[in-house]
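Student: Just one file: run-v4.txt, with compact mmCIF, C-alpha atoms.
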```txt
# COMPACT_ATOMS: atom_id res chain seq x y z
CA MET A 1 43.89 107.74 29.92
CA SER A 2 40.17 107.67 29.24
CA ASN A 3 38.41 107.15 25.94
CA PRO A 4 37.67 110.26 23.93
CA PRO A 5 33.93 110.87 24.41
CA ASN A 6 33.19 110.41 20.70
CA TYR A 7 34.94 107.08 20.06
CA ILE A 8 34.20 103.45 20.84
CA PHE A 9 37.05 100.93 20.76
CA LEU A 10 36.43 97.31 19.78
CA LEU A 11 38.65 94.25 19.55
CA GLU A 12 37.79 92.02 16.59
CA PRO A 13 39.12 88.46 16.97
CA VAL A 14 41.32 86.53 14.55
CA HIS A 15 41.07 82.73 14.67
CA ALA A 16 43.25 79.95 13.31
CA ILE A 17 41.70 77.12 11.30
CA SER A 18 41.95 75.03 14.48
CA GLY A 19 39.60 77.48 16.19
CA GLU A 20 42.33 78.92 18.40
CA LEU A 21 42.15 82.65 19.05
CA ILE A 22 45.47 83.99 17.76
CA ALA A 23 45.11 87.80 17.59
CA TRP A 24 42.81 90.81 17.75
CA GLU A 25 42.38 93.91 15.62
CA LEU A 26 41.63 97.17 17.40
CA LEU A 27 38.78 98.97 15.64
CA THR A 28 37.32 102.41 16.26
CA ARG A 29 33.72 103.52 15.86
CA PHE A 30 31.65 106.61 16.38
CA PRO A 31 28.87 105.96 18.91
CA ASP A 32 26.19 106.42 16.23
CA ASP A 33 27.59 103.51 14.18
CA ALA A 34 24.96 101.15 15.55
CA ASP A 35 25.16 97.36 15.52
CA THR A 36 28.92 97.08 15.73
CA ASN A 37 28.72 93.28 15.50
CA ASN A 38 27.26 91.15 12.75
CA LYS A 39 26.92 93.89 10.15
CA ARG A 40 27.96 92.93 6.64
CA ASN A 41 29.40 96.26 5.54
CA PRO A 42 30.24 98.31 8.63
CA ASN A 43 32.27 101.49 8.63
CA ARG A 44 35.73 99.91 8.53
CA ASP A 45 38.78 101.79 9.72
CA ALA A 46 40.01 102.84 6.27
CA GLY A 47 36.76 104.73 5.81
CA PHE A 48 36.81 105.87 9.41
CA PHE A 49 40.25 107.44 9.06
CA SER A 50 39.18 109.22 5.88
CA ARG A 51 36.61 111.13 7.94
CA LEU A 52 39.22 112.54 10.32
CA PRO A 53 41.79 115.32 9.82
CA ALA A 54 45.43 114.42 10.40
CA ASP A 55 45.61 115.98 13.88
CA ASP A 56 42.52 114.08 15.05
CA LYS A 57 43.90 110.82 13.68
CA TRP A 58 47.12 111.33 15.59
CA GLN A 59 45.31 112.11 18.84
CA LEU A 60 43.15 109.03 18.33
CA PHE A 61 46.26 106.90 17.81
CA LEU A 62 47.75 108.25 21.05
CA HIS A 63 44.53 107.33 22.89
CA GLN A 64 44.62 103.84 21.38
CA ILE A 65 48.23 103.29 22.45
CA GLY A 66 47.47 104.58 25.94
CA LYS A 67 44.61 102.10 26.27
CA LEU A 68 46.74 99.21 25.02
CA ILE A 69 49.55 100.04 27.45
CA GLN A 70 46.95 99.90 30.25
CA LEU A 71 45.53 96.63 28.94
CA TYR A 72 48.90 94.91 28.69
CA LYS A 73 49.98 96.19 32.11
CA GLU A 74 46.88 94.44 33.49
CA GLY A 75 48.18 91.14 32.15
CA PHE A 76 46.67 90.81 28.66
CA GLN A 77 48.83 88.36 26.70
CA GLN A 78 47.56 88.30 23.10
CA VAL A 79 48.60 90.04 19.89
CA ILE A 80 46.66 93.17 18.93
CA SER A 81 46.99 94.98 15.60
CA VAL A 82 46.29 98.70 15.29
CA ASN A 83 45.41 100.35 11.99
CA VAL A 84 47.72 103.14 10.85
CA ASP A 85 47.78 105.24 7.69
CA ARG A 86 50.33 107.54 6.07
CA ASP A 87 49.76 110.39 8.53
CA ILE A 88 50.16 108.17 11.58
CA VAL A 89 53.22 106.42 10.16
CA ALA A 90 54.83 109.81 9.57
CA GLY A 91 53.97 110.82 13.13
CA ILE A 92 55.56 107.69 14.61
CA PHE A 93 58.71 108.27 12.60
CA GLU A 94 59.07 111.81 13.99
CA ASP A 95 57.97 111.32 17.62
CA ILE A 96 60.54 109.79 19.98
CA GLU A 97 58.05 109.69 22.87
CA ILE A 98 55.57 107.51 21.00
CA GLN A 99 58.44 105.31 19.82
CA GLN A 100 59.33 104.71 23.47
CA LYS A 101 55.72 103.84 24.27
CA LEU A 102 55.50 101.44 21.33
CA ALA A 103 58.68 99.76 22.57
CA GLN A 104 56.73 98.64 25.66
CA LEU A 105 54.17 96.80 23.55
CA THR A 106 55.89 93.63 22.43
CA LEU A 107 52.59 92.08 21.32
CA LEU A 108 51.53 95.08 19.24
CA ARG A 109 51.33 94.90 15.45
CA LEU A 110 51.03 97.98 13.22
CA GLU A 111 48.50 97.27 10.49
CA ILE A 112 49.33 99.38 7.45
CA SER A 113 46.36 100.56 5.45
CA ALA A 114 46.41 99.29 1.88
CA PHE A 115 45.61 102.86 0.85
CA PHE A 116 49.15 103.74 2.00
CA THR A 117 50.59 101.60 -0.76
CA ALA A 118 48.08 102.52 -3.48
CA ARG A 119 50.73 104.44 -5.40
CA PHE A 120 53.74 102.57 -4.10
CA ASN A 121 57.09 104.19 -4.68
CA SER A 122 60.57 104.10 -3.17
CA ALA A 123 59.74 106.93 -0.76
CA ASP A 124 56.89 104.88 0.71
CA LEU A 125 59.21 101.94 1.21
CA LEU A 126 61.81 104.10 2.93
CA ILE A 127 59.17 105.45 5.33
CA LEU A 128 57.95 101.96 6.20
CA LYS A 129 61.48 100.64 6.65
CA GLY A 130 62.21 103.63 8.85
CA VAL A 131 59.23 102.89 11.09
CA ALA A 132 60.26 99.25 11.23
CA LYS A 133 63.63 100.38 12.60
CA VAL A 134 62.32 102.80 15.26
CA THR A 135 59.66 100.49 16.71
CA PRO A 136 59.80 96.75 17.44
CA ALA A 137 56.19 96.28 16.33
CA PRO A 138 56.06 94.05 13.23
CA LEU A 139 54.15 95.46 10.27
CA TRP A 140 51.00 93.85 8.89
CA LEU A 141 49.42 94.83 5.57
CA ASP A 142 45.65 95.30 5.57
CA ASP A 143 43.10 94.70 2.79
CA PHE A 144 45.36 93.16 0.16
CA GLY A 145 43.60 92.29 -3.08
CA PRO A 146 41.40 95.09 -4.38
CA GLY A 147 44.19 96.84 -6.27
CA TYR A 148 45.50 99.16 -3.57
CA SER A 149 48.62 97.08 -3.01
CA ASN A 150 50.81 94.93 -5.19
CA LEU A 151 53.36 92.18 -4.88
CA THR A 152 56.16 94.68 -5.51
CA MET A 153 55.55 96.19 -2.08
CA LEU A 154 55.68 92.74 -0.51
CA ASP A 155 59.02 91.94 -2.15
CA SER A 156 60.59 94.24 0.42
CA GLY A 157 60.00 91.60 3.09
CA ILE A 158 58.90 94.16 5.68
CA PHE A 159 55.44 92.70 6.30
CA GLU A 160 55.04 89.88 8.81
CA ILE A 161 51.40 89.16 7.93
CA VAL A 162 49.17 90.09 4.98
CA LYS A 163 45.40 90.35 5.32
CA ILE A 164 43.32 89.55 2.23
CA ASP A 165 40.43 91.94 1.60
CA LYS A 166 36.97 90.51 2.26
CA GLU A 167 35.57 91.54 -1.14
CA PHE A 168 38.40 89.69 -2.87
CA PHE A 169 37.76 86.62 -0.73
CA TRP A 170 34.03 86.69 -1.43
CA GLN A 171 34.60 86.95 -5.17
CA PHE A 172 37.56 84.60 -5.68
CA GLY A 173 37.88 82.49 -2.52
CA ASP A 174 36.73 79.24 -4.10
CA GLY A 175 38.83 79.52 -7.23
CA HIS A 176 42.31 79.05 -8.64
CA ILE A 177 43.12 82.78 -8.55
CA PHE A 178 42.78 82.81 -4.77
CA ASP A 179 44.97 79.74 -4.32
CA THR A 180 47.64 81.19 -6.60
CA LEU A 181 47.64 84.44 -4.64
CA LEU A 182 48.01 82.54 -1.36
CA THR A 183 51.03 80.70 -2.75
CA HIS A 184 52.72 83.97 -3.72
CA LEU A 185 51.87 85.74 -0.46
CA ASN A 186 53.13 82.89 1.71
CA GLN A 187 56.48 83.16 -0.08
CA LEU A 188 56.71 86.87 0.77
CA CYS A 189 55.50 86.98 4.38
CA ASP A 190 55.05 84.76 7.43
CA GLY A 191 51.34 84.12 6.94
CA VAL A 192 48.00 85.24 5.52
CA ILE A 193 44.82 86.24 7.35
CA VAL A 194 41.57 86.18 5.36
CA GLU A 195 38.99 88.84 6.19
CA GLY A 196 35.24 88.64 5.65
CA VAL A 197 34.51 85.22 7.16
CA GLU A 198 30.82 85.16 8.01
CA ASP A 199 29.63 81.56 8.19
CA GLN A 200 30.65 77.94 8.62
CA THR A 201 30.66 77.32 4.87
CA GLN A 202 33.43 79.88 4.46
CA ILE A 203 35.35 78.37 7.38
CA ASP A 204 35.10 74.94 5.76
CA LEU A 205 36.37 76.39 2.49
CA LEU A 206 39.36 78.02 4.19
CA SER A 207 40.19 74.87 6.15
CA ARG A 208 41.69 73.55 2.91
CA LYS A 209 43.74 76.68 2.26
CA ALA A 210 47.28 77.68 3.23
CA ILE A 211 46.32 80.46 5.64
CA TYR A 212 47.41 81.63 9.09
CA GLY A 213 44.08 82.96 10.30
CA MET A 214 40.50 84.09 9.65
CA GLN A 215 38.64 87.23 10.64
CA GLY A 216 35.06 88.40 10.17
CA TYR A 217 31.57 88.73 11.58
CA HIS A 218 31.20 85.03 12.25
CA TRP A 219 32.84 85.96 15.57
CA LYS A 220 31.66 88.80 17.78
CA SER A 221 33.90 91.69 18.68
CA VAL A 222 34.60 92.68 22.27
CA TYR A 223 34.43 96.18 23.69
CA LEU A 224 37.88 97.21 24.85
CA THR A 225 36.42 98.75 28.00
CA ASP A 226 35.04 95.33 28.99
CA LEU A 227 38.60 93.99 29.23
CA LEU A 228 39.98 96.85 31.30
CA LYS A 229 39.76 96.66 35.07
```
If you convert what's in this file into structure tokens, what do you get?

Tutor:
Amino acid sequence: MSNPPNYIFLLEPVHAISGELIAWELLTRFPDDADTNNKRNPNRDAGFFSRLPADDKWQLFLHQIGKLIQLYKEGFQQVISVNVDRDIVAGIFEDIEIQQKLAQLTLLRLEISAFFTARFNSADLLILKGVAKVTPAPLWLDDFGPGYSNLTMLDSGIFEIVKIDKEFFWQFGDGHIFDTLLTHLNQLCDGVIVEGVEDQTQIDLLSRKAIYGMQGYHWKSVYLTDLLK
């Protein structure tokens, strides 16, 4: 399956404190979003999704999954997370064919937009638990910190990894509030990834923190097409 002509797919790396590459996040861009690397405030996927109607988002998700199936069939052996929102989660829950495709991707992670949980209620939790049952892909929570998500959602235990929002890290990363949050999050999930890492000073700061990984423009993204044969 080829890329849609109006999308560019990127893989943004996630590194452990040791420097080891531990995962990637699949990002999507329009071709006119210039300078996809090393840009402080790029068009992130939450904003990207908001520019697309539900049908287009679903078709984009199908393209992404098709590309990842191809990539893994060619021997790729690293974890990749894919951003999904409420519309895509609902589509997965209703579509047996995509559930079967997701079942092939044992290294796939579904990264739930924090906007999904902005007004968390029991119905949201049931939807997420339902998706967790119909696909083996563990759930990650994106952009925790700016108020879109809360610890109540995490009490459910359905998230494997939580990503801390870059703005929250930039504002509180060197203080007690950040350390307290890490303590709570690590009790509710298997690990924390900090977004927004841009320089060695921030890496040095995080080297003393209880985190699983780091992500940001200190490391360059890779075009997905460059990894496909």

Student: Ranking A:Met153, A:Leu188, A:Val197, A:Leu108 by minimum distance to A:Ala123 and counting only C-alpha atoms, which one comes first?

Tutor: A:Met153

Student: Counting only C-alpha atoms, which residue out of A:Trp24, A:Glu74, A:Gly157, A:Trp170 sits closest to A:Gln187?

Tutor: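 Of all the options, A:Gly157 lies closest to A:Gln187.
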
Student: Report, in Å with one decimal, the straight-line distance from atom CA of A:Val222 to atom CA of A:Glu160.

Tutor: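 Computing the Euclidean distance for atom CA of A:Val222 and atom CA of A:Glu160 yields 24.6 Å.
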
Student: Using all atoms listed in the file for the distances, tell me which of A:Ala137, A:Leu182, A:Leu62, A:Ile22 is nearest to A:Arg208.

Tutor: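 Closest to A:Arg208, using all atoms listed in the file: A:Leu182.
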
Student: Interatomic distance between atom CA of A:Ser122 and atom CA of A:Ser156?

Tutor: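 Calculated distance between atom CA of A:Ser122 and atom CA of A:Ser156 is 10.5 Å.
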
Student: For A:Leu205, which of A:Gly173, A:Asp143, A:Glu167, A:Asn186 is the closest residue, counting only C-alpha atoms?

Tutor: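 Of A:Gly173, A:Asp143, A:Glu167, A:Asn186, the one nearest A:Leu205, counting only C-alpha atoms, is A:Gly173.
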
Student: Work out how far atom CA of A:Trp140 is from atom CA of A:Ile112, in Å to one decimal.

Tutor: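 Computing it gives 6.0 Å between the two atoms.
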
Student: Write out as a ChimeraX atom specification which residues come within 12 Å of A:Asp95 when counting only C-alpha atoms, dropping same-chain ones fewer than 6 positions away.

Tutor: /A:58,62,88-89,101-102,131,134-135

Student: Neighbouring residues of A:Pro138 were defined as those with any atom within 12 Å, considering all atoms listed in the file; residues of the same chain fewer than 3 positions away were excluded. Please report them as a VMD selection string.

Tutor: chain A and resid 79 to 82 102 to 103 105 to 112 128 to 129 131 to 135 141 157 to 162 189 to 190

Student: Neighbours of stretch 175-178 of chain A within 10 Å (all atoms listed in the file; same-chain residues fewer than 4 positions away dropped), as a compact mmCIF listing (two decimals) with C-alpha atoms, in the coordinates of the input?

Tutor:
```txt
# COMPACT_ATOMS: atom_id res chain seq x y z
CA GLY A 145 43.60 92.29 -3.08
CA ILE A 164 43.32 89.55 2.23
CA PHE A 168 38.40 89.69 -2.87
CA PHE A 169 37.76 86.62 -0.73
CA GLN A 171 34.60 86.95 -5.17
CA LEU A 182 48.01 82.54 -1.36
CA THR A 183 51.03 80.70 -2.75
CA LYS A 209 43.74 76.68 2.26
```

Student: Give me the residues within 7 Å of A:Thr28 as a list in words, counting all atoms listed in the file and dropping any in the same chain fewer than 3 places off.

Tutor: Tyr7, Ile8, Phe9, Leu10 and Asp45 of chain A

Student: Pick the closest to A:Ile203 from A:Gly19, A:Gly91, A:Pro136, A:Gly66: which is it, counting all atoms listed in the file?

Tutor: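 With all atoms listed in the file as the atom set, the closest residue is A:Gly19.
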
Student: Step by step, gather every atom of stretch 170-189 of chain A that the file lists, find the box along x, y and z that holds them, add 4 Å on each side, and finally give centre and edge lengths in Å to one decimal, as AutoDock Vina command-line options.

Tutor:
```
--center_x 45.4 --center_y 83.0 --center_z -2.1 --size_x 30.7 --size_y 15.9 --size_z 21.0
```

Student: Can you list, as a PyMOL selection string, every protein, DNA or RNA residue that comes within 12 Å of A:Pro53 when you count all atoms listed in the file, leaving out same-chain residues fewer than 5 positions away?

Tutor: chain A and resi 48+58-60+85+87-88

Student: My list of candidates is A:Thr180, A:Gln77, A:Thr201, A:Asn83. Which is closest to A:Ala114 when distances are computed with all atoms listed in the file?

Tutor: A:Asn83
